[in-house]
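Engineer: Contents of work_22.cif (mmCIF, C-alpha atoms):
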data_work
loop_
_atom_site.group_PDB
_atom_site.id
_atom_site.type_symbol
_atom_site.label_atom_id
_atom_site.label_comp_id
_atom_site.auth_asym_id
_atom_site.auth_seq_id
_atom_site.Cartn_x
_atom_site.Cartn_y
_atom_site.Cartn_z
ATOM 1 C CA MET W 1 17.382 -26.050 -4.862
ATOM 2 C CA MET W 2 19.129 -26.489 -1.526
ATOM 3 C CA ASN W 3 19.984 -29.689 0.302
ATOM 4 C CA GLN W 4 17.592 -29.103 3.199
ATOM 5 C CA TRP W 5 17.462 -32.561 4.779
ATOM 6 C CA PRO W 6 20.307 -34.568 6.331
ATOM 7 C CA ASN W 7 19.430 -37.860 4.589
ATOM 8 C CA ILE W 8 19.819 -36.346 1.111
ATOM 9 C CA ALA W 9 23.048 -36.507 -0.900
ATOM 10 C CA GLN W 10 24.021 -34.375 -3.873
ATOM 11 C CA ILE W 11 25.524 -36.362 -6.745
ATOM 12 C CA SER W 12 26.923 -35.335 -10.111
ATOM 13 C CA ARG W 13 24.786 -35.440 -13.216
ATOM 14 C CA GLN W 14 27.099 -38.056 -14.717
ATOM 15 C CA GLU W 15 26.748 -40.321 -11.675
ATOM 16 C CA TRP W 16 22.969 -39.980 -11.779
ATOM 17 C CA GLN W 17 22.898 -40.838 -15.482
ATOM 18 C CA GLU W 18 24.737 -44.082 -14.706
ATOM 19 C CA ARG W 19 22.485 -44.969 -11.769
ATOM 20 C CA ALA W 20 19.345 -44.241 -13.777
ATOM 21 C CA LYS W 21 20.327 -46.983 -16.238
ATOM 22 C CA GLN W 22 20.083 -49.620 -13.496
ATOM 23 C CA LYS W 23 16.999 -51.721 -12.845
ATOM 24 C CA GLY W 24 14.193 -50.640 -10.553
ATOM 25 C CA TRP W 25 13.844 -46.936 -11.377
ATOM 26 C CA TRP W 26 10.458 -45.353 -12.073
ATOM 27 C CA LEU W 27 9.193 -41.826 -12.682
ATOM 28 C CA LEU W 28 6.349 -40.250 -10.737
ATOM 29 C CA VAL W 29 5.423 -37.304 -12.970
ATOM 30 C CA ASP W 30 2.817 -34.652 -12.204
ATOM 31 C CA SER W 31 0.438 -33.784 -15.047
ATOM 32 C CA ALA W 32 -0.810 -30.785 -13.050
ATOM 33 C CA ILE W 33 2.656 -29.253 -13.444
ATOM 34 C CA ASN W 34 3.194 -30.330 -17.052
ATOM 35 C CA SER W 35 0.135 -31.271 -19.097
ATOM 36 C CA ASP W 36 2.394 -32.651 -21.855
ATOM 37 C CA VAL W 37 2.987 -35.612 -19.543
ATOM 38 C CA LEU W 38 -0.329 -37.063 -20.710
ATOM 39 C CA ASN W 39 1.135 -37.531 -24.191
ATOM 40 C CA PHE W 40 3.776 -39.889 -22.820
ATOM 41 C CA ILE W 41 1.572 -42.107 -20.642
ATOM 42 C CA PRO W 42 1.263 -45.708 -21.865
ATOM 43 C CA VAL W 43 -2.269 -46.922 -22.599
ATOM 44 C CA PRO W 44 -4.306 -47.792 -20.579
ATOM 45 C CA GLN W 45 -3.751 -44.654 -18.521
ATOM 46 C CA PRO W 46 -5.554 -45.841 -15.343
ATOM 47 C CA GLN W 47 -2.851 -48.484 -14.919
ATOM 48 C CA SER W 48 -0.273 -45.686 -14.505
ATOM 49 C CA ARG W 49 -2.456 -43.140 -12.713
ATOM 50 C CA LEU W 50 -1.882 -42.390 -9.042
ATOM 51 C CA TYR W 51 -5.453 -41.200 -8.443
ATOM 52 C CA TRP W 52 -7.876 -44.105 -8.659
ATOM 53 C CA ASP W 53 -11.560 -44.954 -9.167
ATOM 54 C CA GLU W 54 -13.869 -41.925 -9.369
ATOM 55 C CA MET W 55 -11.179 -39.553 -8.092
ATOM 56 C CA GLY W 56 -8.923 -40.773 -10.893
ATOM 57 C CA GLU W 57 -11.557 -40.332 -13.570
ATOM 58 C CA VAL W 58 -12.536 -36.846 -12.415
ATOM 59 C CA HIS W 59 -8.955 -35.641 -11.899
ATOM 60 C CA ALA W 60 -7.204 -37.590 -14.674
ATOM 61 C CA SER W 61 -5.773 -34.413 -16.205
ATOM 62 C CA ILE W 62 -4.047 -33.336 -12.971
ATOM 63 C CA SER W 63 -3.127 -36.704 -11.484
ATOM 64 C CA PRO W 64 0.483 -37.827 -11.071
ATOM 65 C CA TYR W 65 1.433 -40.855 -13.181
ATOM 66 C CA LEU W 66 3.956 -43.628 -12.530
ATOM 67 C CA ILE W 67 5.828 -44.497 -15.716
ATOM 68 C CA PRO W 68 8.970 -46.491 -16.589
ATOM 69 C CA MET W 69 12.343 -44.765 -16.569
ATOM 70 C CA HIS W 70 13.484 -42.891 -19.685
ATOM 71 C CA SER W 71 16.890 -41.540 -20.637
ATOM 72 C CA ILE W 72 17.954 -38.442 -18.721
ATOM 73 C CA ASP W 73 18.373 -36.444 -21.937
ATOM 74 C CA TRP W 74 14.816 -37.280 -23.023
ATOM 75 C CA LEU W 75 13.488 -36.375 -19.584
ATOM 76 C CA ASP W 76 15.326 -33.057 -19.559
ATOM 77 C CA GLU W 77 13.732 -32.159 -22.875
ATOM 78 C CA ASN W 78 10.191 -33.272 -22.039
ATOM 79 C CA ILE W 79 9.691 -33.433 -18.252
ATOM 80 C CA THR W 80 12.352 -32.036 -15.929
ATOM 81 C CA HIS W 81 12.585 -28.583 -17.503
ATOM 82 C CA LYS W 82 9.692 -27.619 -15.200
ATOM 83 C CA SER W 83 10.257 -27.191 -11.471
ATOM 84 C CA ASN W 84 8.472 -29.601 -9.116
ATOM 85 C CA TRP W 85 7.787 -32.014 -11.985
ATOM 86 C CA GLY W 86 7.694 -35.031 -9.641
ATOM 87 C CA MET W 87 10.531 -37.403 -8.738
ATOM 88 C CA ALA W 88 12.281 -40.637 -9.664
ATOM 89 C CA ILE W 89 11.611 -43.648 -7.437
ATOM 90 C CA GLU W 90 13.684 -46.806 -7.084
ATOM 91 C CA ILE W 91 11.803 -49.877 -5.932
ATOM 92 C CA ASN W 92 13.654 -52.039 -3.396
ATOM 93 C CA GLU W 93 16.268 -54.230 -5.060
ATOM 94 C CA ALA W 94 14.466 -57.331 -3.772
ATOM 95 C CA PHE W 95 11.853 -56.627 -6.463
ATOM 96 C CA HIS W 96 14.120 -55.750 -9.386
ATOM 97 C CA GLY W 97 13.442 -59.206 -10.805
ATOM 98 C CA GLU W 98 9.680 -58.723 -10.820
ATOM 99 C CA THR W 99 7.851 -57.816 -14.027
ATOM 100 C CA LEU W 100 7.383 -54.115 -14.721
ATOM 101 C CA ASP W 101 3.627 -54.513 -14.275
ATOM 102 C CA ARG W 102 4.149 -56.028 -10.818
ATOM 103 C CA GLN W 103 6.646 -53.333 -9.782
ATOM 104 C CA GLN W 104 4.245 -50.633 -10.919
ATOM 105 C CA GLU W 105 1.370 -52.280 -9.061
ATOM 106 C CA MET W 106 3.364 -52.448 -5.812
ATOM 107 C CA LEU W 107 4.542 -48.847 -5.960
ATOM 108 C CA LEU W 108 1.140 -47.439 -6.920
ATOM 109 C CA SER W 109 -0.613 -49.410 -4.202
ATOM 110 C CA HIS W 110 1.756 -47.963 -1.619
ATOM 111 C CA LEU W 111 1.685 -44.390 -2.941
ATOM 112 C CA ARG W 112 -2.105 -44.401 -3.144
ATOM 113 C CA THR W 113 -2.278 -45.284 0.531
ATOM 114 C CA TRP W 114 -0.399 -42.059 1.279
ATOM 115 C CA SER W 115 -2.324 -39.896 -1.205
ATOM 116 C CA LEU W 116 -5.265 -39.263 1.134
ATOM 117 C CA ALA W 117 -4.577 -37.905 4.592
ATOM 118 C CA GLN W 118 -6.505 -36.555 7.534
ATOM 119 C CA ALA W 119 -4.926 -34.231 10.059
ATOM 120 C CA PRO W 120 -6.173 -33.975 13.652
ATOM 121 C CA GLU W 121 -9.631 -32.337 13.608
ATOM 122 C CA GLN W 122 -9.355 -31.684 9.858
ATOM 123 C CA GLU W 123 -11.158 -33.010 6.793
ATOM 124 C CA VAL W 124 -9.673 -35.644 4.488
ATOM 125 C CA ALA W 125 -7.466 -34.045 1.827
ATOM 126 C CA ILE W 126 -5.232 -35.101 -1.048
ATOM 127 C CA LEU W 127 -1.604 -35.309 0.067
ATOM 128 C CA ARG W 128 0.835 -34.523 -2.747
ATOM 129 C CA ILE W 129 3.078 -37.451 -1.928
ATOM 130 C CA ASN W 130 4.529 -37.177 -5.448
ATOM 131 C CA ASP W 131 6.242 -33.904 -4.491
ATOM 132 C CA TRP W 132 9.908 -34.365 -3.514
ATOM 133 C CA SER W 133 9.796 -31.706 -0.797
ATOM 134 C CA ILE W 134 6.495 -32.840 0.704
ATOM 135 C CA PHE W 135 7.645 -36.465 0.850
ATOM 136 C CA HIS W 136 10.801 -35.516 2.752
ATOM 137 C CA VAL W 137 9.026 -33.112 5.095
ATOM 138 C CA LEU W 138 6.677 -35.978 5.930
ATOM 139 C CA TRP W 139 9.571 -38.442 6.268
ATOM 140 C CA ASN W 140 11.463 -36.244 8.706
ATOM 141 C CA ALA W 141 8.312 -35.574 10.747
ATOM 142 C CA THR W 142 7.570 -39.298 11.069
ATOM 143 C CA ALA W 143 8.764 -41.188 14.152
ATOM 144 C CA ALA W 144 11.619 -43.613 13.381
ATOM 145 C CA GLU W 145 9.553 -46.637 14.405
ATOM 146 C CA LYS W 146 6.851 -45.608 11.907
ATOM 147 C CA GLN W 147 9.035 -44.682 8.944
ATOM 148 C CA HIS W 148 8.798 -48.191 7.483
ATOM 149 C CA GLU W 149 5.103 -47.488 6.845
ATOM 150 C CA LEU W 150 6.006 -44.516 4.642
ATOM 151 C CA LYS W 151 8.945 -46.309 3.068
ATOM 152 C CA GLY W 152 7.014 -49.391 1.926
ATOM 153 C CA PRO W 153 8.744 -50.923 -1.142
ATOM 154 C CA ILE W 154 10.674 -47.712 -1.925
ATOM 155 C CA GLN W 155 14.463 -47.854 -1.730
ATOM 156 C CA SER W 156 15.629 -44.492 -3.096
ATOM 157 C CA LEU W 157 14.323 -41.210 -4.484
ATOM 158 C CA CYS W 158 15.938 -38.717 -6.840
ATOM 159 C CA TYR W 159 15.136 -35.184 -7.975
ATOM 160 C CA TRP W 160 16.851 -32.953 -10.499
ATOM 161 C CA GLU W 161 15.984 -30.290 -13.041
ATOM 162 C CA ALA W 162 17.165 -30.035 -16.630
ATOM 163 C CA LYS W 163 19.326 -26.976 -15.967
ATOM 164 C CA ASP W 164 21.131 -28.573 -13.004
ATOM 165 C CA GLU W 165 24.645 -30.017 -13.068
ATOM 166 C CA SER W 166 23.808 -32.295 -10.150
ATOM 167 C CA ALA W 167 20.934 -34.299 -8.680
ATOM 168 C CA PHE W 168 19.599 -34.864 -5.170
ATOM 169 C CA MET W 169 19.229 -38.443 -4.005
ATOM 170 C CA SER W 170 17.938 -39.959 -0.783
ATOM 171 C CA ARG W 171 18.183 -43.584 0.229
ATOM 172 C CA LEU W 172 15.415 -44.314 2.715
ATOM 173 C CA THR W 173 16.698 -45.940 5.875
ATOM 174 C CA GLY W 174 15.147 -48.676 7.978
ATOM 175 C CA ASP W 175 13.537 -52.013 7.270
ATOM 176 C CA MET W 176 11.844 -52.686 3.964
ATOM 177 C CA ASN W 177 8.189 -53.616 4.110
ATOM 178 C CA PRO W 178 6.721 -54.016 0.613
ATOM 179 C CA GLU W 179 3.039 -54.024 1.491
ATOM 180 C CA VAL W 180 2.402 -52.321 4.815
ATOM 181 C CA LEU W 181 -1.189 -52.680 5.947
ATOM 182 C CA VAL W 182 -2.026 -49.036 6.595
ATOM 183 C CA LYS W 183 -5.586 -47.788 6.369
ATOM 184 C CA THR W 184 -6.410 -44.911 4.055
ATOM 185 C CA PRO W 185 -6.902 -42.043 4.603
ATOM 186 C CA ILE W 186 -3.664 -41.824 6.554
ATOM 187 C CA GLN W 187 -4.196 -40.348 10.006
ATOM 188 C CA LEU W 188 -1.453 -37.756 10.347
ATOM 189 C CA THR W 189 0.180 -37.360 13.730
ATOM 190 C CA ASP W 190 0.489 -33.921 15.296
ATOM 191 C CA GLU W 191 4.193 -33.915 14.358
ATOM 192 C CA GLN W 192 3.479 -34.777 10.723
ATOM 193 C CA TYR W 193 0.731 -32.170 10.481
ATOM 194 C CA LEU W 194 2.910 -29.462 12.019
ATOM 195 C CA GLY W 195 5.817 -30.368 9.746
ATOM 196 C CA LEU W 196 3.656 -30.141 6.637
ATOM 197 C CA SER W 197 1.947 -26.952 7.845
ATOM 198 C CA HIS W 198 5.243 -25.203 8.559
ATOM 199 C CA TRP W 199 6.603 -26.225 5.172
ATOM 200 C CA ALA W 200 3.446 -24.987 3.412
ATOM 201 C CA ASP W 201 3.665 -21.667 5.255
ATOM 202 C CA ARG W 202 7.324 -21.194 4.278
ATOM 203 C CA HIS W 203 6.522 -22.095 0.682
ATOM 204 C CA GLN W 204 3.604 -19.653 0.550
ATOM 205 C CA HIS W 205 5.587 -16.943 2.322
ATOM 206 C CA GLN W 206 8.239 -17.185 -0.382
ATOM 207 C CA LYS W 207 5.572 -16.605 -3.036
ATOM 208 C CA TYR W 208 4.277 -13.597 -1.107
ATOM 209 C CA ARG W 209 7.803 -12.242 -0.814
ATOM 210 C CA GLU W 210 8.434 -12.557 -4.548
ATOM 211 C CA HIS W 211 5.169 -10.744 -5.287
ATOM 212 C CA LEU W 212 5.939 -7.896 -2.891
ATOM 213 C CA GLN W 213 9.471 -7.484 -4.247
ATOM 214 C CA GLN W 214 8.068 -7.323 -7.760
ATOM 215 C CA HIS W 215 5.484 -4.650 -6.964
ATOM 216 C CA HIS W 216 6.973 -2.671 -4.062
ATOM 217 C CA GLN W 217 10.467 -1.283 -4.546
ATOM 218 C CA ASP W 218 10.749 -0.344 -0.865
ATOM 219 C CA THR W 219 10.975 -4.035 0.035
ATOM 220 C CA HIS W 220 14.213 -4.485 -1.945
ATOM 221 C CA LYS W 221 16.218 -3.072 0.950
ATOM 222 C CA TRP W 222 14.569 -5.165 3.652
ATOM 223 C CA SER W 223 16.835 -7.459 5.654
ATOM 224 C CA GLU W 224 16.150 -11.170 6.182
ATOM 225 C CA ASP W 225 15.160 -10.424 9.773
ATOM 226 C CA GLU W 226 12.601 -7.886 8.575
ATOM 227 C CA TRP W 227 11.098 -10.431 6.174
ATOM 228 C CA LYS W 228 11.020 -13.131 8.851
ATOM 229 C CA THR W 229 9.100 -10.784 11.134
ATOM 230 C CA PHE W 230 6.823 -9.177 8.563
ATOM 231 C CA LEU W 231 5.504 -12.211 6.668
ATOM 232 C CA PRO W 232 4.308 -14.416 9.568
ATOM 233 C CA GLN W 233 2.994 -11.443 11.557
ATOM 234 C CA GLN W 234 1.003 -9.830 8.748
ATOM 235 C CA THR W 235 -0.184 -13.133 7.290
ATOM 236 C CA LYS W 236 -1.590 -14.120 10.680
ATOM 237 C CA GLN W 237 -3.177 -10.698 11.015
ATOM 238 C CA ALA W 238 -4.857 -11.100 7.616
ATOM 239 C CA ARG W 239 -6.289 -14.463 8.627
ATOM 240 C CA ASP W 240 -7.438 -13.110 11.982
ATOM 241 C CA TYR W 241 -9.573 -10.628 10.050
ATOM 242 C CA GLY W 242 -11.041 -13.340 7.852
ATOM 243 C CA PHE W 243 -8.797 -13.072 4.794
ATOM 244 C CA GLU W 244 -7.894 -16.718 4.175
ATOM 245 C CA GLN W 245 -7.415 -16.947 0.403
ATOM 246 C CA PRO W 246 -3.863 -16.323 -0.909
ATOM 247 C CA ASN W 247 -5.101 -13.598 -3.282
ATOM 248 C CA ASP W 248 -6.644 -11.724 -0.358
ATOM 249 C CA VAL W 249 -3.641 -12.309 1.887
ATOM 250 C CA VAL W 250 -1.159 -10.936 -0.647
ATOM 251 C CA ARG W 251 -3.334 -7.825 -1.105
ATOM 252 C CA TYR W 252 -3.416 -7.420 2.680
ATOM 253 C CA LEU W 253 0.387 -7.649 2.706
ATOM 254 C CA SER W 254 0.591 -5.003 -0.024
ATOM 255 C CA LEU W 255 -1.557 -2.682 2.076
ATOM 256 C CA SER W 256 0.733 -3.367 5.036
ATOM 257 C CA VAL W 257 3.746 -2.287 2.968
ATOM 258 C CA VAL W 258 2.131 0.872 1.582
ATOM 259 C CA MET W 259 -0.040 1.966 4.521
ATOM 260 C CA GLY W 260 1.962 0.574 7.430
ATOM 261 C CA LYS W 261 1.768 -2.640 9.454
ATOM 262 C CA ASP W 262 -0.931 -1.230 11.738
ATOM 263 C CA PHE W 263 -3.162 0.133 8.972
ATOM 264 C CA ILE W 264 -5.969 -2.208 10.025
ATOM 265 C CA GLU W 265 -6.397 -0.151 13.224
ATOM 266 C CA THR W 266 -7.095 3.096 11.356
ATOM 267 C CA SER W 267 -10.582 4.574 11.166
ATOM 268 C CA TRP W 268 -10.838 4.153 7.382
ATOM 269 C CA ALA W 269 -9.919 0.451 7.601
ATOM 270 C CA LYS W 270 -12.411 -0.100 10.412
ATOM 271 C CA GLU W 271 -15.067 1.587 8.296
ATOM 272 C CA ALA W 272 -14.415 -0.876 5.457
ATOM 273 C CA LEU W 273 -14.486 -3.846 7.822
ATOM 274 C CA SER W 274 -17.789 -2.712 9.315
ATOM 275 C CA LYS W 275 -19.557 -3.198 5.978
ATOM 276 C CA PRO W 276 -20.996 -6.536 4.755
ATOM 277 C CA ARG W 277 -18.373 -8.998 3.518
ATOM 278 C CA HIS W 278 -19.853 -8.672 0.041
ATOM 279 C CA LEU W 279 -21.350 -5.415 -1.176
ATOM 280 C CA GLY W 280 -22.689 -6.001 -4.662
ATOM 281 C CA GLN W 281 -19.799 -7.491 -6.608
ATOM 282 C CA LYS W 282 -17.192 -6.070 -4.246
ATOM 283 C CA SER W 283 -15.604 -8.276 -1.621
ATOM 284 C CA GLN W 284 -14.472 -6.910 1.723
ATOM 285 C CA MET W 285 -10.899 -6.834 0.426
ATOM 286 C CA ASP W 286 -12.065 -4.806 -2.598
ATOM 287 C CA GLN W 287 -13.698 -2.360 -0.206
ATOM 288 C CA LEU W 288 -10.561 -2.188 1.934
ATOM 289 C CA PHE W 289 -8.451 -1.457 -1.135
ATOM 290 C CA ALA W 290 -10.877 1.246 -2.270
ATOM 291 C CA GLN W 291 -10.715 2.926 1.138
ATOM 292 C CA ALA W 292 -6.911 2.765 1.099
ATOM 293 C CA LEU W 293 -6.800 4.384 -2.347
ATOM 294 C CA LYS W 294 -9.194 7.101 -1.187
ATOM 295 C CA GLN W 295 -7.038 7.715 1.882
ATOM 296 C CA THR W 296 -3.881 7.940 -0.240
ATOM 297 C CA ASN W 297 -5.496 10.467 -2.582
ATOM 298 C CA GLU W 298 -6.647 12.596 0.349
ATOM 299 C CA GLU W 299 -3.169 12.597 1.867
ATOM 300 C CA SER W 300 -1.441 13.469 -1.433
ATOM 301 C CA PRO W 301 -0.471 17.163 -1.664
ATOM 302 C CA THR W 302 -2.479 19.111 -4.215
ATOM 303 C CA SER W 303 -0.677 21.181 -6.777
#
As structure tokens, how would this structure be written, given the file I've shared?
Structural biologist:
Amino acid sequence: MMNQWPNIAQISRQEWQERAKQKGWWLLVDSAINSDVLNFIPVPQPQSRLYWDEMGEVHASISPYLIPMHSIDWLDENITHKSNWGMAIEINEAFHGETLDRQQEMLLSHLRTWSLAQAPEQEVAILRINDWSIFHVLWNATAAEKQHELKGPIQSLCYWEAKDESAFMSRLTGDMNPEVLVKTPIQLTDEQYLGLSHWADRHQHQKYREHLQQHHQDTHKWSEDEWKTFLPQQTKQARDYGFEQPNDVVRYLSLSVVMGKDFIETSWAKEALSKPRHLGQKSQMDQLFAQALKQTNEESPTS
């Protein structure tokens, strides 16, 4: 994991182990990433669950949970061996003297406020505020005069993985406001929405790249510039033709590698696109793949 944001410091594992023993630290762990988390949640679970009311009941098995700090060794064995497991949160030192129940209540109340968001002209959606990267993308896309609303009672955040010799820590700047009166769902600004969208695209592009490198040996020799051109261009092209789902997009990218970036302009591709989007049990992407295979067989030299 790289230090991608200027307000994040890299500290040694030993230093983090010492800091984690201090008061005020909590763990926001994602059961969607590691279902074993549910075995470690104190009863009653709703008291620790980030998702609340009906949403919490329906999605209890994939909700993040806020639990007290454990030893780093225990966490490495049970939680942090999986990437994107969540993050550690330190409540502002002004509240270190509060009971654990009160600290948990304050943090959950704040995090829940930021768990539902609505982008300009978009529907309300769950915002994975428990994700270290998403939180910091949002933080850096938030105007300085508004950052206290995102900060709330949080003082610091930390992320590490079991295999790492160091940890990443950020101390949130600005005034502390324990209970900011912000309406939910959060109305994302254009800057916040663009920041999150760009991050999501980069994240998805990396997954596409890994898939293509695994299945298409020709891509192993591509330069970074070639990847930076190919992925956004062909992903946009796929969406322009109605292929929105990641499974369809990655198949479109595979066709672009094998058949060429302009394959969609060929007569055989146009023939596939001219048919209904679903023909029996075959989707339009299935039909496109079938036409590509037929074209490849026709072009192959016969023995």
Engineer: Could you please determine the separation between atom CA of W:Asp36 and atom CA of W:Ile72 in Å, to one decimal place?
Structural biologist: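 Computed distance, atom CA of W:Asp36 to atom CA of W:Ile72, equals 16.9 Å.
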Engineer: Residues at most 12 Å from W:Trp52, counting all atoms listed in the file, excluding those fewer than 3 positions away in the same chain, as a list in words?
Structural biologist: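 Using all atoms listed in the file, the neighbours found are Gln45, Pro46, Gln47, Ser48, Arg49, Met55, Gly56, Glu57, Val58, His59, Ala60, Ser63, Pro64, Tyr65, Leu108, Ser109, Leu111, Arg112, Thr113, Ser115 and Leu116 of chain W.
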Engineer: Rounded to one decimal place, report the atom CA of W:Phe243-atom CA of W:Phe263 distance in Å.
Structural biologist: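 Going from atom CA of W:Phe243 over to atom CA of W:Phe263, I get 15.0 Å.
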Engineer: Do you know which residues are at most 7 Å from W:Leu172 counting all atoms listed in the file, after dropping those on the same chain fewer than 3 positions away, and could you put them as a PyMOL selection string?
Structural biologist: chain W and resi 151+155-156
Engineer: Pick the closest to W:Gln213 from W:Pro232, W:Val250, W:Asn297, W:Ala32: which is it, counting only C-alpha atoms?
Structural biologist: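 Among W:Pro232, W:Val250, W:Asn297, W:Ala32, it is W:Val250 that comes nearest to W:Gln213.
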Engineer: Pick out the residues sitting within 8 Å of W:Ser71, and hand them over as a list in words; count all atoms listed in the file, and ignore anything fewer than 3 positions along from it in its own chain.
Structural biologist: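 My list of contacting residues is Gln17, Ala20, Lys21, Trp74 and Leu75 of chain W.
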Engineer: Calculated over only C-alpha atoms, which of the candidates W:Asn34, W:Gln284, W:Thr229, W:Thr189 has the smallest distance to W:Ala141?
Structural biologist: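 Result for the nearest residue to W:Ala141: W:Thr189.
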Engineer: So which one's closest to W:Lys270, W:Gly174, W:Gly97, W:Ala292, W:Ile8? Using only C-alpha atoms, please.
Structural biologist: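 Using only C-alpha atoms, the shortest distance to W:Lys270 belongs to W:Ala292.
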Engineer: Between W:Leu138, W:Ile126, W:Tyr159, W:Glu77, which has the minimum distance to W:Ile89 (counting all atoms listed in the file)?
Structural biologist: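 For W:Ile89, the nearest of the candidates is W:Tyr159.
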Engineer: If you measure from atom CA of W:Ser12 to atom CA of W:Ala167, what distance in Å do you get, rounded to one decimal?
Structural biologist: 6.2 Å
Engineer: Counting only C-alpha atoms, which residues come within 12 Å of (5.4, -53.8, -13.9), with the point read in the file's coordinates, and could you list them as an mmCIF file with C-alpha atoms, in the coordinates of the input?
Structural biologist:
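The resulting file, part-v4.cif, is reproduced below:
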data_model
loop_
_atom_site.group_PDB
_atom_site.id
_atom_site.type_symbol
_atom_site.label_atom_id
_atom_site.label_comp_id
_atom_site.auth_asym_id
_atom_site.auth_seq_id
_atom_site.Cartn_x
_atom_site.Cartn_y
_atom_site.Cartn_z
ATOM 1 C CA LYS W 23 16.999 -51.721 -12.845
ATOM 2 C CA GLY W 24 14.193 -50.640 -10.553
ATOM 3 C CA TRP W 25 13.844 -46.936 -11.377
ATOM 4 C CA TRP W 26 10.458 -45.353 -12.073
ATOM 5 C CA GLN W 47 -2.851 -48.484 -14.919
ATOM 6 C CA SER W 48 -0.273 -45.686 -14.505
ATOM 7 C CA LEU W 66 3.956 -43.628 -12.530
ATOM 8 C CA ILE W 67 5.828 -44.497 -15.716
ATOM 9 C CA PRO W 68 8.970 -46.491 -16.589
ATOM 10 C CA MET W 69 12.343 -44.765 -16.569
ATOM 11 C CA ILE W 91 11.803 -49.877 -5.932
ATOM 12 C CA PHE W 95 11.853 -56.627 -6.463
ATOM 13 C CA HIS W 96 14.120 -55.750 -9.386
ATOM 14 C CA GLY W 97 13.442 -59.206 -10.805
ATOM 15 C CA GLU W 98 9.680 -58.723 -10.820
ATOM 16 C CA THR W 99 7.851 -57.816 -14.027
ATOM 17 C CA LEU W 100 7.383 -54.115 -14.721
ATOM 18 C CA ASP W 101 3.627 -54.513 -14.275
ATOM 19 C CA ARG W 102 4.149 -56.028 -10.818
ATOM 20 C CA GLN W 103 6.646 -53.333 -9.782
ATOM 21 C CA GLN W 104 4.245 -50.633 -10.919
ATOM 22 C CA GLU W 105 1.370 -52.280 -9.061
ATOM 23 C CA MET W 106 3.364 -52.448 -5.812
ATOM 24 C CA LEU W 107 4.542 -48.847 -5.960
ATOM 25 C CA LEU W 108 1.140 -47.439 -6.920
#
Engineer: Could you check which of W:Pro42, W:Asp164, W:Thr235, W:Val137 is closest to W:Gln14, using all atoms listed in the file?
Structural biologist: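 Looking at the shortest contact to W:Gln14, the residue is W:Asp164.
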Engineer: Given the file above and the PyMOL selection byres ((chain W and resi 288) around 10), which residues are selected, and can you give them as a ChimeraX atom specification?
Structural biologist: /W:251-252,255,264,268-273,275,282-287,289-294
Engineer: Output requested as a PDB file, in the coordinates of the input - stretch 152-164 of chain W, filled out with N, CA and C atoms.
Structural biologist:
ATOM      1  N   GLY W 152       7.609 -48.327   2.726  1.00  0.00           N
ATOM      2  CA  GLY W 152       7.014 -49.391   1.926  1.00  0.00           C
ATOM      3  C   GLY W 152       8.048 -50.080   1.057  1.00  0.00           C
ATOM      4  N   PRO W 153       7.787 -50.257  -0.253  1.00  0.00           N
ATOM      5  CA  PRO W 153       8.744 -50.923  -1.142  1.00  0.00           C
ATOM      6  C   PRO W 153       9.750 -49.966  -1.783  1.00  0.00           C
ATOM      7  N   ILE W 154       9.775 -48.706  -1.325  1.00  0.00           N
ATOM      8  CA  ILE W 154      10.674 -47.712  -1.925  1.00  0.00           C
ATOM      9  C   ILE W 154      12.072 -47.836  -1.332  1.00  0.00           C
ATOM     10  N   GLN W 155      13.075 -47.803  -2.194  1.00  0.00           N
ATOM     11  CA  GLN W 155      14.463 -47.854  -1.730  1.00  0.00           C
ATOM     12  C   GLN W 155      15.121 -46.480  -1.789  1.00  0.00           C
ATOM     13  N   SER W 156      14.979 -45.795  -2.922  1.00  0.00           N
ATOM     14  CA  SER W 156      15.629 -44.492  -3.096  1.00  0.00           C
ATOM     15  C   SER W 156      14.729 -43.546  -3.880  1.00  0.00           C
ATOM     16  N   LEU W 157      15.026 -42.256  -3.742  1.00  0.00           N
ATOM     17  CA  LEU W 157      14.323 -41.210  -4.484  1.00  0.00           C
ATOM     18  C   LEU W 157      15.358 -40.272  -5.094  1.00  0.00           C
ATOM     19  N   CYS W 158      15.012 -39.664  -6.214  1.00  0.00           N
ATOM     20  CA  CYS W 158      15.938 -38.717  -6.840  1.00  0.00           C
ATOM     21  C   CYS W 158      15.158 -37.561  -7.457  1.00  0.00           C
ATOM     22  N   TYR W 159      15.742 -36.368  -7.358  1.00  0.00           N
ATOM     23  CA  TYR W 159      15.136 -35.184  -7.975  1.00  0.00           C
ATOM     24  C   TYR W 159      16.229 -34.344  -8.618  1.00  0.00           C
ATOM     25  N   TRP W 160      15.955 -33.871  -9.804  1.00  0.00           N
ATOM     26  CA  TRP W 160      16.851 -32.953 -10.499  1.00  0.00           C
ATOM     27  C   TRP W 160      16.026 -32.139 -11.486  1.00  0.00           C
ATOM     28  N   GLU W 161      16.613 -31.081 -11.988  1.00  0.00           N
ATOM     29  CA  GLU W 161      15.984 -30.290 -13.041  1.00  0.00           C
ATOM     30  C   GLU W 161      16.944 -30.189 -14.214  1.00  0.00           C
ATOM     31  N   ALA W 162      16.384 -29.973 -15.394  1.00  0.00           N
ATOM     32  CA  ALA W 162      17.165 -30.035 -16.630  1.00  0.00           C
ATOM     33  C   ALA W 162      18.383 -29.116 -16.602  1.00  0.00           C
ATOM     34  N   LYS W 163      18.244 -27.959 -15.961  1.00  0.00           N
ATOM     35  CA  LYS W 163      19.326 -26.976 -15.967  1.00  0.00           C
ATOM     36  C   LYS W 163      20.430 -27.304 -14.963  1.00  0.00           C
ATOM     37  N   ASP W 164      20.201 -28.292 -14.092  1.00  0.00           N
ATOM     38  CA  ASP W 164      21.131 -28.573 -13.004  1.00  0.00           C
ATOM     39  C   ASP W 164      22.315 -29.424 -13.461  1.00  0.00           C
TER      40      ASP W 164
END
